[in-house]
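Below is start-v6.txt, which holds compact mmCIF, C-alpha atoms.
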# COMPACT_ATOMS: atom_id res chain seq x y z
CA MET R 1 0.00 0.00 0.00
CA THR R 2 1.34 3.44 -0.86
CA ALA R 3 2.59 5.36 2.14
CA GLY R 4 0.17 8.01 3.29
CA THR R 5 -2.81 6.50 1.47
CA ASP R 6 -5.97 6.79 3.54
CA LEU R 7 -8.71 4.34 2.61
CA ARG R 8 -11.09 5.41 5.34
CA PRO R 9 -14.48 6.47 3.99
CA PRO R 10 -15.91 9.88 4.91
CA ARG R 11 -17.43 10.09 8.36
CA VAL R 12 -21.13 9.35 8.38
CA LYS R 13 -23.21 12.01 10.05
CA PRO R 14 -24.77 10.43 13.16
CA ALA R 15 -28.52 10.36 13.50
CA GLN R 16 -29.94 13.42 15.18
CA PRO R 17 -31.77 13.06 18.50
CA GLY R 18 -35.28 11.86 17.84
CA GLU R 19 -34.40 10.73 14.31
CA PRO R 20 -35.32 7.02 14.06
CA ARG R 21 -32.93 4.55 12.49
CA ARG R 22 -34.25 2.58 9.56
CA PRO R 23 -35.38 -0.77 11.03
CA TRP R 24 -34.08 -4.02 9.60
CA TRP R 25 -37.44 -4.89 8.04
CA ARG R 26 -37.21 -1.77 5.83
CA ARG R 27 -34.35 -3.53 4.04
CA PRO R 28 -36.15 -6.74 3.07
CA TRP R 29 -33.40 -7.91 0.70
CA VAL R 30 -30.67 -8.29 3.33
CA GLY R 31 -31.89 -11.40 5.15
CA PRO R 32 -32.99 -13.35 2.04
CA LEU R 33 -29.72 -12.53 0.30
CA GLY R 34 -27.74 -13.93 3.23
CA LEU R 35 -29.83 -17.11 3.26
CA VAL R 36 -29.43 -17.58 -0.51
CA VAL R 37 -25.65 -17.15 -0.32
CA VAL R 38 -25.35 -19.60 2.59
CA ALA R 39 -27.54 -22.16 0.82
CA PHE R 40 -25.60 -21.76 -2.43
CA LEU R 41 -22.24 -22.26 -0.73
CA ALA R 42 -23.54 -25.21 1.30
CA TYR R 43 -24.49 -26.91 -1.97
CA SER R 44 -21.51 -25.85 -4.09
CA LEU R 45 -18.52 -26.20 -1.77
CA PRO R 46 -18.54 -29.84 -0.49
CA PRO R 47 -17.43 -31.54 -3.75
CA TYR R 48 -14.37 -29.29 -3.86
CA LEU R 49 -13.50 -29.39 -0.16
CA ALA R 50 -12.98 -33.13 -0.55
CA PHE R 51 -10.18 -32.51 -3.09
CA ASP R 52 -11.41 -35.51 -5.04
CA PRO R 53 -11.52 -34.98 -8.83
CA ALA R 54 -14.17 -37.69 -9.10
CA GLN R 55 -16.63 -35.40 -7.26
CA SER R 56 -16.20 -32.44 -9.60
CA ARG R 57 -19.43 -31.17 -11.17
CA VAL R 58 -17.51 -29.88 -14.20
CA PRO R 59 -15.92 -32.46 -16.49
CA ALA R 60 -12.23 -31.91 -17.15
CA PRO R 61 -11.42 -30.96 -20.75
CA GLU R 62 -9.03 -33.21 -22.62
CA GLY R 63 -5.37 -32.29 -22.31
CA PHE R 64 -5.84 -30.19 -19.15
CA ALA R 65 -4.92 -32.52 -16.29
CA ALA R 66 -4.74 -29.69 -13.73
CA HIS R 67 -8.24 -28.41 -14.56
CA TYR R 68 -9.75 -29.72 -11.32
CA TRP R 69 -7.21 -27.91 -9.14
CA PHE R 70 -7.75 -24.63 -10.98
CA LEU R 71 -11.47 -25.18 -10.48
CA VAL R 72 -11.01 -25.85 -6.75
CA ALA R 73 -9.03 -22.62 -6.36
CA HIS R 74 -11.67 -20.69 -8.32
CA VAL R 75 -14.48 -22.05 -6.15
CA LEU R 76 -12.69 -21.46 -2.83
CA PHE R 77 -11.56 -17.92 -3.64
CA GLY R 78 -14.96 -17.22 -5.18
CA SER R 79 -16.61 -18.30 -1.93
CA ILE R 80 -14.47 -15.77 -0.06
CA ALA R 81 -15.60 -13.13 -2.56
CA MET R 82 -19.29 -13.97 -2.02
CA ILE R 83 -18.98 -13.85 1.77
CA GLY R 84 -16.98 -10.62 1.57
CA ALA R 85 -19.57 -9.08 -0.75
CA LEU R 86 -22.35 -10.02 1.65
CA VAL R 87 -20.52 -8.35 4.55
CA GLN R 88 -19.84 -5.27 2.42
CA VAL R 89 -23.49 -4.61 1.55
CA TRP R 90 -24.83 -5.33 5.04
CA PRO R 91 -25.88 -1.86 6.32
CA TRP R 92 -25.61 -2.81 9.99
CA VAL R 93 -21.96 -3.87 9.58
CA ARG R 94 -21.05 -0.69 7.67
CA ARG R 95 -22.68 1.49 10.31
CA ARG R 96 -21.62 -0.27 13.50
CA PHE R 97 -18.28 -1.82 12.52
CA PRO R 98 -16.56 0.33 9.85
CA GLN R 99 -13.22 -1.39 10.55
CA VAL R 100 -14.75 -4.77 9.72
CA HIS R 101 -16.18 -3.23 6.56
CA ARG R 102 -12.72 -2.04 5.46
CA TYR R 103 -10.96 -5.35 6.19
CA ALA R 104 -13.75 -7.31 4.51
CA GLY R 105 -13.33 -5.08 1.47
CA ARG R 106 -9.64 -5.88 1.22
CA ALA R 107 -10.35 -9.60 1.63
CA TYR R 108 -13.05 -9.33 -1.04
CA VAL R 109 -10.60 -7.85 -3.55
CA PHE R 110 -7.31 -9.60 -2.81
CA ALA R 111 -8.39 -12.95 -1.33
CA GLY R 112 -11.56 -13.27 -3.37
CA VAL R 113 -12.11 -11.59 -6.71
CA ILE R 114 -8.54 -11.31 -8.01
CA PRO R 115 -7.40 -14.92 -7.45
CA SER R 116 -10.81 -16.34 -8.35
CA GLY R 117 -11.00 -14.16 -11.47
CA VAL R 118 -7.55 -15.26 -12.63
CA MET R 119 -8.57 -18.90 -12.16
CA ALA R 120 -11.81 -18.18 -14.04
CA LEU R 121 -9.84 -16.88 -17.01
CA THR R 122 -7.92 -20.16 -17.15
CA ILE R 123 -10.77 -22.63 -16.71
CA GLY R 124 -13.18 -20.46 -18.70
CA ALA R 125 -10.92 -20.49 -21.74
CA ALA R 126 -10.88 -24.30 -21.54
CA SER R 127 -14.56 -24.84 -20.69
CA PRO R 128 -15.86 -28.24 -21.85
CA PHE R 129 -19.26 -26.67 -22.60
CA GLY R 130 -18.39 -25.26 -26.01
CA PRO R 131 -17.06 -22.05 -27.57
CA ALA R 132 -20.07 -19.85 -26.70
CA THR R 133 -19.68 -20.66 -23.01
CA ARG R 134 -15.91 -20.14 -23.21
CA ALA R 135 -16.43 -16.67 -24.67
CA SER R 136 -18.92 -15.80 -21.91
CA ASP R 137 -16.71 -17.12 -19.10
CA VAL R 138 -13.66 -15.20 -20.32
CA MET R 139 -15.68 -12.00 -20.80
CA LEU R 140 -17.18 -12.33 -17.32
CA ALA R 141 -13.75 -12.89 -15.74
CA VAL R 142 -12.29 -9.84 -17.48
CA LEU R 143 -15.20 -7.60 -16.46
CA TRP R 144 -15.22 -8.95 -12.89
CA LEU R 145 -11.53 -8.21 -12.47
CA GLY R 146 -11.82 -4.86 -14.23
CA VAL R 147 -14.72 -3.35 -12.30
CA THR R 148 -13.35 -4.61 -8.98
CA TRP R 149 -9.92 -3.12 -9.64
CA ALA R 150 -11.53 0.17 -10.73
CA GLY R 151 -13.46 0.24 -7.44
CA TRP R 152 -10.30 -0.44 -5.44
CA ARG R 153 -8.40 2.33 -7.21
CA ALA R 154 -11.26 4.75 -6.65
CA ALA R 155 -11.13 4.01 -2.90
CA ARG R 156 -7.36 4.57 -2.83
CA GLU R 157 -7.90 7.94 -4.48
CA ARG R 158 -10.73 8.75 -2.05
CA ARG R 159 -13.30 8.95 -4.83
CA PHE R 160 -15.84 7.16 -2.68
CA GLY R 161 -18.81 7.87 -4.94
CA ASP R 162 -17.04 6.20 -7.87
CA HIS R 163 -15.85 3.45 -5.53
CA ARG R 164 -19.41 2.64 -4.52
CA ARG R 165 -20.66 2.53 -8.13
CA TRP R 166 -17.88 0.24 -9.30
CA MET R 167 -18.35 -2.05 -6.33
CA VAL R 168 -22.09 -2.32 -6.98
CA ARG R 169 -21.20 -3.64 -10.44
CA SER R 170 -18.60 -5.98 -8.93
CA PHE R 171 -21.17 -7.24 -6.42
CA ALA R 172 -23.63 -7.97 -9.25
CA LEU R 173 -21.04 -9.99 -11.17
CA THR R 174 -20.00 -11.86 -8.02
CA MET R 175 -23.58 -12.93 -7.34
CA SER R 176 -24.40 -13.69 -10.98
CA ILE R 177 -23.27 -17.30 -10.45
CA ILE R 178 -26.42 -17.83 -8.36
CA LEU R 179 -28.55 -16.57 -11.23
CA ASN R 180 -26.63 -18.90 -13.53
CA ARG R 181 -27.65 -21.90 -11.44
CA LEU R 182 -31.30 -20.79 -11.54
CA ILE R 183 -31.36 -20.26 -15.30
CA SER R 184 -29.81 -23.64 -16.16
CA PRO R 185 -32.77 -25.84 -15.11
CA ILE R 186 -35.20 -23.44 -16.78
CA ALA R 187 -33.23 -23.70 -20.03
CA ILE R 188 -33.20 -27.49 -19.71
CA ILE R 189 -36.98 -27.63 -19.28
CA VAL R 190 -37.59 -25.30 -22.25
CA LEU R 191 -35.09 -26.88 -24.65
CA GLU R 192 -35.35 -30.58 -23.78
CA PRO R 193 -38.39 -31.20 -26.04
CA GLN R 194 -36.29 -29.90 -28.95
CA ILE R 195 -33.45 -32.40 -28.62
CA GLY R 196 -34.72 -34.48 -31.49
CA SER R 197 -35.46 -31.53 -33.76
CA THR R 198 -33.37 -28.44 -33.09
CA PHE R 199 -30.36 -30.40 -31.80
CA GLY R 200 -30.64 -33.36 -34.16
CA GLY R 201 -30.71 -35.80 -31.26
CA SER R 202 -27.32 -34.59 -29.96
CA GLU R 203 -27.13 -34.45 -26.16
CA VAL R 204 -23.79 -32.63 -26.47
CA ALA R 205 -25.29 -29.82 -28.57
CA PHE R 206 -28.25 -29.63 -26.18
CA MET R 207 -26.09 -29.29 -23.04
CA GLN R 208 -23.74 -26.81 -24.70
CA SER R 209 -26.72 -24.63 -25.60
CA VAL R 210 -28.08 -24.81 -22.06
CA ALA R 211 -24.67 -23.87 -20.62
CA ALA R 212 -24.24 -20.99 -23.08
CA ILE R 213 -27.69 -19.54 -22.35
CA ALA R 214 -27.15 -19.71 -18.59
CA ALA R 215 -23.64 -18.28 -18.87
CA TRP R 216 -24.50 -15.27 -21.03
CA VAL R 217 -27.89 -14.41 -19.55
CA SER R 218 -26.84 -14.59 -15.88
CA TRP R 219 -24.07 -12.02 -15.81
CA THR R 220 -25.53 -9.68 -18.45
CA VAL R 221 -28.87 -9.50 -16.62
CA ALA R 222 -27.08 -8.98 -13.28
CA LEU R 223 -24.89 -6.20 -14.71
CA ILE R 224 -27.79 -4.47 -16.46
CA GLY R 225 -29.83 -4.68 -13.25
CA ALA R 226 -26.99 -3.13 -11.26
CA GLN R 227 -26.66 -0.29 -13.76
CA LEU R 228 -30.41 0.39 -13.73
CA TRP R 229 -30.29 0.50 -9.94
CA LEU R 230 -27.37 2.96 -10.03
CA ASP R 231 -29.16 5.17 -12.58
CA ARG R 232 -32.47 5.23 -10.72
CA LYS R 233 -33.88 8.61 -9.74
CA PRO R 234 -33.73 9.34 -6.02
CA LYS R 235 -37.05 9.34 -4.29
CA ALA R 236 -38.50 12.71 -3.33
CA LEU R 237 -38.07 13.52 0.34
CA SER R 238 -41.19 13.03 2.42
CA PRO R 239 -42.58 16.26 4.00
CA ARG R 240 -42.45 14.38 7.31

Show the structure stored in the file as structure tokens.
Amino acid sequence: MTAGTDLRPPRVKPAQPGEPRRPWWRRPWVGPLGLVVVAFLAYSLPPYLAFDPAQSRVPAPEGFAAHYWFLVAHVLFGSIAMIGALVQVWPWVRRRFPQVHRYAGRAYVFAGVIPSGVMALTIGAASPFGPATRASDVMLAVLWLGVTWAGWRAARERRFGDHRRWMVRSFALTMSIILNRLISPIAIIVLEPQIGSTFGGSEVAFMQSVAAIAAWVSWTVALIGAQLWLDRKPKALSPR
């Protein structure tokens, strides 16, 4: 870290006497998001914590013997990124424990996104699910690394407004893997009746199409949603 660099965010003006704090139920997305992340990690992590290639949910491409170990690293560092992102967006943590917020942010960037993104570039370029999925995985990894690094640099330069906007985009890309897992079964249900016609009876072509749809739609929808949220008009202040 550069000497003299101050990454502390601006001081938040404390609530005035008689000014009520926003209760937890006024942020209905916080609790469900935490439950979804915990459930996703509980399902996704066990096959890779065993360090047994036979339990991998992604088949290894031919000629890439180390694929499983790159995948394990991607999943483990990605899990750190998801947990760090959850801590970062939790309003209660930001307000009550700003030091935890700062350390979680550093862990999110340097122990989560960067190593996981580098692993994603490697395994994404060698994805066994076809060229369309490879293109999506590589694009996602590049964008994930890029927006996260832009957010980190903005914080170092004390441009906290820009930092927040970049990190909202980074958060959306981090969580897009959950959307990917939701889109896949929907694509299977919609496309399965067309195996004999559209895909000429090829299970390989069918599964590659499912993977490509889930890959492209998940992160593009998440990123567009984040941008729409950032561009929303602020609500008018209540006369009360």

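Shortest atom-to-atom contact with Phe171 in chain R among R:Val37, R:Ala120, R:Ala73, R:Ala222: R:Ala222, counting all atoms listed in the file.
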
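Proximity ranking of R:Leu228, R:Thr133, R:Arg156, R:Leu179 relative to Met207 in chain R places R:Thr133 first, based on only C-alpha atoms.
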
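In this model, the gap between CA of Arg95 in chain R and CA of Gly161 in chain R comes to 17.0 Å.
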
| said: One decimal, in Å: what's the spacing between CA of Gly105 in chain R and CA of Val168 in chain R? | reply: 12.5 Å

| query | Within 10 Å of (-18.3, -0.7, -8.5), only C-alpha atoms: residues as a list in words? | reply | Trp144, Gly146, Val147, Thr148, Trp149, Ala150, Gly151, Trp152, Ala154, Gly161, Asp162, His163, Arg164, Arg165, Trp166, Met167, Val168, Arg169, Ser170, Phe171, Ala172, Ala226, Gln227 and Leu230 of chain R

Counting all atoms listed in the file, what are the residues of range 59-134 of chain R within 12 Å of range 52-55 of chain R, and for each of them which pair of atoms is the nearest and at what distance in Å, to one decimal? Sort the table by chain and rising number, as a Markdown table.
| residue | atom | partner | partner_atom | distance |
| --- | --- | --- | --- | --- |
| R:Pro59 | CA | R:Pro53 | CA | 9.2 |
| R:Ala60 | CA | R:Pro53 | CA | 8.9 |
| R:Ala65 | CA | R:Pro53 | CA | 10.3 |
| R:Ala66 | CA | R:Pro53 | CA | 9.9 |
| R:His67 | CA | R:Pro53 | CA | 9.3 |
| R:Tyr68 | CA | R:Pro53 | CA | 6.1 |
| R:Trp69 | CA | R:Pro53 | CA | 8.3 |
| R:Phe70 | CA | R:Pro53 | CA | 11.2 |
| R:Leu71 | CA | R:Pro53 | CA | 9.9 |
| R:Val72 | CA | R:Pro53 | CA | 9.4 |

Selection export as a tab-separated table (two decimals), in the coordinates of the input, atoms kept: C-alpha atoms:
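Saved result, again-v7.tsv, follows:
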chain	number	residue	atom	x	y	z
R	59	PRO	CA	-15.92	-32.46	-16.49
R	60	ALA	CA	-12.23	-31.91	-17.15
R	65	ALA	CA	-4.92	-32.52	-16.29
R	66	ALA	CA	-4.74	-29.69	-13.73
R	67	HIS	CA	-8.24	-28.41	-14.56
R	68	TYR	CA	-9.75	-29.72	-11.32
R	69	TRP	CA	-7.21	-27.91	-9.14
R	70	PHE	CA	-7.75	-24.63	-10.98
R	71	LEU	CA	-11.47	-25.18	-10.48
R	72	VAL	CA	-11.01	-25.85	-6.75

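Minimum distance to Phe129 in chain R across R:Pro61, R:Pro185, R:Pro46, R:Gly31 (counting only C-alpha atoms) occurs at R:Pro61.
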
| Which one of R:Ile183, R:Ala126, R:Ala132, R:Ile178 sits closest to Ser209 in chain R if you count all atoms listed in the file? | R:Ala132

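Nearest residue to Leu140 in chain R among R:Gly201, R:Gly112, R:Gly117, R:Pro193 is R:Gly117, counting all atoms listed in the file.
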
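Proximity to Ile186 in chain R at 12 Å, evaluated using all atoms listed in the file and with sequence-adjacent residues fewer than 3 positions away removed, yields Leu179, Asn180, Arg181, Leu182, Ile183, Ile189, Val190, Leu191, Glu192, Val210, Ala211, Ile213, Ala214 and Val217 of chain R.
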
Please produce a file of the residues just selected, as a PDB file, in the coordinates of the input, where the atoms kept are C-alpha atoms.
ATOM      1  CA  LEU R 179     -28.550 -16.570 -11.230  1.00  0.00           C
ATOM      2  CA  ASN R 180     -26.630 -18.900 -13.530  1.00  0.00           C
ATOM      3  CA  ARG R 181     -27.650 -21.900 -11.440  1.00  0.00           C
ATOM      4  CA  LEU R 182     -31.300 -20.790 -11.540  1.00  0.00           C
ATOM      5  CA  ILE R 183     -31.360 -20.260 -15.300  1.00  0.00           C
ATOM      6  CA  ILE R 189     -36.980 -27.630 -19.280  1.00  0.00           C
ATOM      7  CA  VAL R 190     -37.590 -25.300 -22.250  1.00  0.00           C
ATOM      8  CA  LEU R 191     -35.090 -26.880 -24.650  1.00  0.00           C
ATOM      9  CA  GLU R 192     -35.350 -30.580 -23.780  1.00  0.00           C
ATOM     10  CA  VAL R 210     -28.080 -24.810 -22.060  1.00  0.00           C
ATOM     11  CA  ALA R 211     -24.670 -23.870 -20.620  1.00  0.00           C
ATOM     12  CA  ILE R 213     -27.690 -19.540 -22.350  1.00  0.00           C
ATOM     13  CA  ALA R 214     -27.150 -19.710 -18.590  1.00  0.00           C
ATOM     14  CA  VAL R 217     -27.890 -14.410 -19.550  1.00  0.00           C
TER      15      VAL R 217
END

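Separating CA of Phe51 in chain R from CA of Trp219 in chain R is a distance of 27.8 Å.
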